[in-house]
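A.B. asks: Pasting a structure below so you can have a look.
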Amino acid sequence: MVPLEEARQILMKTVKPLEVVEMDLLKAVGLVLAKDIIAPRPFPPFDRSPLDGFAFRSVDTTRASAENPVKLYITETIYAGHAAKGRVEPGTAAGIATGAPIPPGADCVARFEDTRQEGQYVIIYKPFRQDENIIQAGEEIAGGELALPAGQELNPPAVATLAALGYTKVPVYRRPRVSIFSTGDELLPLGRPLLPGKIYNSNLYAIAAQVAEAGGEAVLQENAGDDEELVGKQFIKGLDMADLVISTGGVSVGKRDVVKKAMESAGAELLFWKVACKPGKPVTCGLRESRLLIGLSGNPAAATVMFTLLVRPLLRLMSGQRELYLPRVQARLAEDLPKGGKMRSFIRAVVRWQDGYVAWPVGKKGRGMLKSLAEGNALIDIPEKHGFVKTGDSIEVLLL
């Protein structure tokens, strides 16, 4: 049995970012850039107006005032997507729409509502500065500038940036493929009639959902039952189709807890068995052909928590992510916690902001309460050998 941080370190040493692939921009959403993106051109590519109004020469309004307004002749109106037909000369102005290019000769824009129009003339009531109300070419991104760094997750604003620069494909780290199966004779696939003594295989879907949330691609395998040979074959089969394999169930010390032996019989080097925290203590991890085999508890809460603590950082590292771990904050405890044992504990909680973070423990009556997993948005981290933790105490929580 190893401490959580040591177990995590052992596993992290076995993985690295996956290979780089070129992907269509929208298919790459949520993936991570593998290379710096240098802007091939400025954005915006030309000086443009941020509003509807009139473009003219600022020098023509030097002496403008409410008592002595300036009258400029309107030569044309420029709309977005269209270039000016001519140059703005002294004493003239051009009507301009939001997003339209600034015409040659003009160096400022007046809002439509700050002017008055008389026939073919616009009346200006104040002096304007050079570049006033103009978005400069390259104001957001200069040509040749670093637009997005390697390691940037392609969220919607990043996708918009790439699209604005004309990119249709981008170099990204591919998604890690994770093969998942469960053990246990009591498990039924979804869609089958529920028989006496049987339960539906919910862990398979819980882990698959967590894999997707962490940026991976889940590959579901059939249940292996409580048979050492079948479990071993599923591990080998899983490695044929994925970058790592996760099983749930069969990791404790009962006669039918066969995962540890199955890993070894499949040719895996056992890295550790049991982690010094709960829920999820009897996690089993092995390495076969430089790829990980991870056996999680069959208890839904234990499997989910241990995935969060151990597997999620692995998938994020393999995906090229920069932020591998969940944020930790200090919070005030809203309810007493019973005295715990010697082992470090992670307790599901709801955390809200009330002049600081406040944490309400949920699911205290049992480790396998699916409802509490759905309700919680954090994990309270209670250190080993802790005593009574009471209302108002400062505690550390992981925000999910």
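Residues are named by chain letter and number: chains run A, B, ... in the order of the structure tokens, numbers start at 1 in each chain, and ligands are numbered from 1 in the order shown.
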With only C-alpha atoms as the counted atoms, please give the residues lying no more than 7 Å from A:Pro42, apart from itself and same-chain residues fewer than 4 positions off, as a compact mmCIF listing (two decimals) with N, CA and C atoms, in the first residue's frame.
C.D. replies:
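Output saved as out_19.txt:
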# COMPACT_ATOMS: atom_id res chain seq x y z
N ALA A 137 -5.61 47.82 -37.87
CA ALA A 137 -5.18 46.53 -38.41
C ALA A 137 -4.17 45.91 -37.45
N GLY A 138 -4.37 44.64 -37.11
CA GLY A 138 -3.45 43.96 -36.21
C GLY A 138 -3.61 44.35 -34.75
N ILE A 141 -4.26 40.89 -33.06
CA ILE A 141 -3.11 40.02 -33.29
C ILE A 141 -2.30 40.59 -34.44
N ALA A 142 -1.03 40.85 -34.21
CA ALA A 142 -0.16 41.35 -35.27
C ALA A 142 0.33 40.20 -36.14
N GLY A 143 0.57 40.47 -37.41
CA GLY A 143 1.14 39.44 -38.28
C GLY A 143 2.50 39.01 -37.76
A.B. asks: Please provide as a list of chain:residue names all residues within 12 Å of A:Ile135, with the sequence filter that same-chain residues fewer than 3 positions apart are discarded (counting only C-alpha atoms).
C.D. replies: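 Contacts, in chain order: A:Phe43, A:Pro44, A:Pro45, A:Phe46, A:Asp47, A:Arg48, A:Ser49, A:Pro50, A:Leu51, A:Thr98, A:Gly99, A:Ala100, A:Pro101, A:Ile102, A:Asp107, A:Cys108, A:Val109, A:Gln130, A:Asp131, A:Glu132, A:Gly138, A:Glu139, A:Glu140, A:Ile141.
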A.B. asks: Residues within 9 Å of A:Arg291, please, as a list in words. Count only C-alpha atoms; anything in the same chain fewer than 2 positions from it doesn't count.
C.D. replies: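 Non-adjacent residues within range: Thr14, Val15, Leu239, Asp243, Leu244, Val245, Gly286, Leu287, Arg288, Glu289 and Leu293 of chain A.
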A.B. asks: Those residues with N, CA and C atoms, as a CSV table (one decimal), in the first residue's frame please?
C.D. replies:
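That gives us part-v1.csv:
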chain,number,residue,atom,x,y,z
A,14,THR,N,5.0,6.8,-16.2
A,14,THR,CA,4.8,5.8,-17.3
A,14,THR,C,4.2,6.4,-18.6
A,15,VAL,N,3.7,7.6,-18.5
A,15,VAL,CA,3.0,8.2,-19.7
A,15,VAL,C,3.6,9.5,-20.1
A,239,LEU,N,-5.6,-3.7,-24.5
A,239,LEU,CA,-4.4,-3.0,-25.0
A,239,LEU,C,-4.2,-3.1,-26.5
A,243,ASP,N,-4.8,2.9,-25.4
A,243,ASP,CA,-3.6,3.3,-24.8
A,243,ASP,C,-3.4,2.9,-23.4
A,244,LEU,N,-4.5,2.7,-22.7
A,244,LEU,CA,-4.5,2.1,-21.4
A,244,LEU,C,-5.8,1.4,-21.1
A,245,VAL,N,-5.9,0.5,-20.1
A,245,VAL,CA,-7.1,-0.3,-19.8
A,245,VAL,C,-7.5,-0.1,-18.4
A,286,GLY,N,-0.8,-2.0,-13.0
A,286,GLY,CA,0.3,-2.8,-13.6
A,286,GLY,C,0.7,-2.2,-14.9
A,287,LEU,N,1.9,-2.6,-15.4
A,287,LEU,CA,2.4,-2.1,-16.7
A,287,LEU,C,2.8,-3.3,-17.6
A,288,ARG,N,2.2,-3.2,-18.8
A,288,ARG,CA,2.5,-4.2,-19.8
A,288,ARG,C,2.8,-3.6,-21.1
A,289,GLU,N,4.0,-3.9,-21.7
A,289,GLU,CA,4.4,-3.3,-22.9
A,289,GLU,C,4.3,-1.7,-22.9
A,293,LEU,N,-2.3,-0.8,-17.0
A,293,LEU,CA,-3.5,-1.6,-16.6
A,293,LEU,C,-3.9,-1.1,-15.2
A.B. asks: Restricting the calculation to only C-alpha atoms: of A:Asn68, A:Pro103, A:Pro313, A:Ala242, which residue gets closest to A:Lys85?
C.D. replies: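 Selected residue with least distance to A:Lys85: A:Pro103.
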A.B. asks: Looking only at the backbone, which of the residues in stretch 112-149 of chain A does DSSP tag as strand (DSSP E or B), as a VMD selection string?
C.D. replies: chain A and resid 115 to 118 121 to 124 135 141 146 to 148
A.B. asks: Could you save those same residues with C-alpha atoms as a PDB file, in the first residue's frame?
C.D. replies:
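Below you can see again-v1.pdb, which holds the result:
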ATOM      1  CA  THR A 115     -23.635  64.197 -35.510  1.00  0.00           C
ATOM      2  CA  ARG A 116     -26.460  65.764 -37.485  1.00  0.00           C
ATOM      3  CA  GLN A 117     -27.062  65.330 -41.199  1.00  0.00           C
ATOM      4  CA  GLU A 118     -28.331  68.091 -43.449  1.00  0.00           C
ATOM      5  CA  TYR A 121     -23.600  67.304 -45.374  1.00  0.00           C
ATOM      6  CA  VAL A 122     -22.751  66.011 -41.888  1.00  0.00           C
ATOM      7  CA  ILE A 123     -22.449  68.483 -39.017  1.00  0.00           C
ATOM      8  CA  ILE A 124     -19.623  67.854 -36.469  1.00  0.00           C
ATOM      9  CA  ILE A 135      -9.889  49.583 -34.767  1.00  0.00           C
ATOM     10  CA  ILE A 141      -3.111  40.021 -33.286  1.00  0.00           C
ATOM     11  CA  LEU A 146       2.248  34.286 -31.353  1.00  0.00           C
ATOM     12  CA  ALA A 147      -1.509  33.848 -31.642  1.00  0.00           C
ATOM     13  CA  LEU A 148      -1.942  30.720 -29.483  1.00  0.00           C
TER      14      LEU A 148
END
A.B. asks: Set the distance at 12 Å and use only C-alpha atoms: which residues neighbour A:Asp227 once local chain neighbours fewer than 4 positions away are removed? I'd like the list as an MDAnalysis selection string.
C.D. replies: chainID A and resid 182:185 223 231:234 249:250 255:262
A.B. asks: Quick one: residues within 9 Å of A:Val20, only C-alpha atoms, excluding same-chain residues fewer than 6 positions away - as a tab-separated table (two decimals) with C-alpha atoms, in the first residue's frame?
C.D. replies:
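Wrote part00.tsv, looks like this:
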chain	number	residue	atom	x	y	z
A	33	LEU	CA	-2.46	22.48	-29.55
A	34	ALA	CA	0.82	20.67	-30.06
A	171	PRO	CA	-1.81	20.26	-35.02
A	172	VAL	CA	-3.11	18.69	-31.80
A	173	TYR	CA	-2.31	15.82	-29.47
A	174	ARG	CA	-4.73	13.02	-30.19
A.B. asks: Using only C-alpha atoms, which of A:Leu72, A:Ala212, A:Ala55, A:Ala164 sits nearest A:Arg87?
C.D. replies: A:Ala55
A.B. asks: Pick the closest to A:Val350 from A:Ala302, A:Leu399, A:Leu11, A:Leu309: which is it, counting only C-alpha atoms?
C.D. replies: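 Answer, going by the shortest atom-to-atom distance: A:Leu399.
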A.B. asks: So which one's closest to A:Lys281, A:Ser297, A:Ile207, A:Glu269, A:Glu89? Using only C-alpha atoms, please.
C.D. replies: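 Of all the options, A:Ser297 lies closest to A:Lys281.
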A.B. asks: Using only C-alpha atoms, which protein or nucleic acid residues come within 10 Å of A:Leu379? Drop anything in the same chain fewer than 6 positions from it, and give the result as a list in words.
C.D. replies: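 The neighbour list is Val305, Thr308, Arg328, Ser345, Phe346, Ile347, Arg348, Ala349, Val350, Val351, Ala359, Pro361, Val362, Glu396, Val397, Leu398, Leu399 and Leu400 of chain A.
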A.B. asks: Got a sec: who's within 9 Å of A:Gly215, counting only C-alpha atoms, leaving out chain neighbours fewer than 3 positions off, as a list in words?
C.D. replies: Gly30, Leu31, Arg175, Pro176, Gln210, Val211, Ala212, Arg312, Leu315, Arg316 and Ser319 of chain A
A.B. asks: What separation in Å, quoted to one decimal, exists between atom CA of A:Val2 and atom CA of A:Ala276?
C.D. replies: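 Interatomic distance, atom CA of A:Val2 to atom CA of A:Ala276: 5.7 Å.
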A.B. asks: Please measure the separation of atom CA of A:Glu375 and atom CA of A:Val251, giving the value in Å to one decimal.
C.D. replies: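 For atom CA of A:Glu375 relative to atom CA of A:Val251, the distance reads 26.8 Å.
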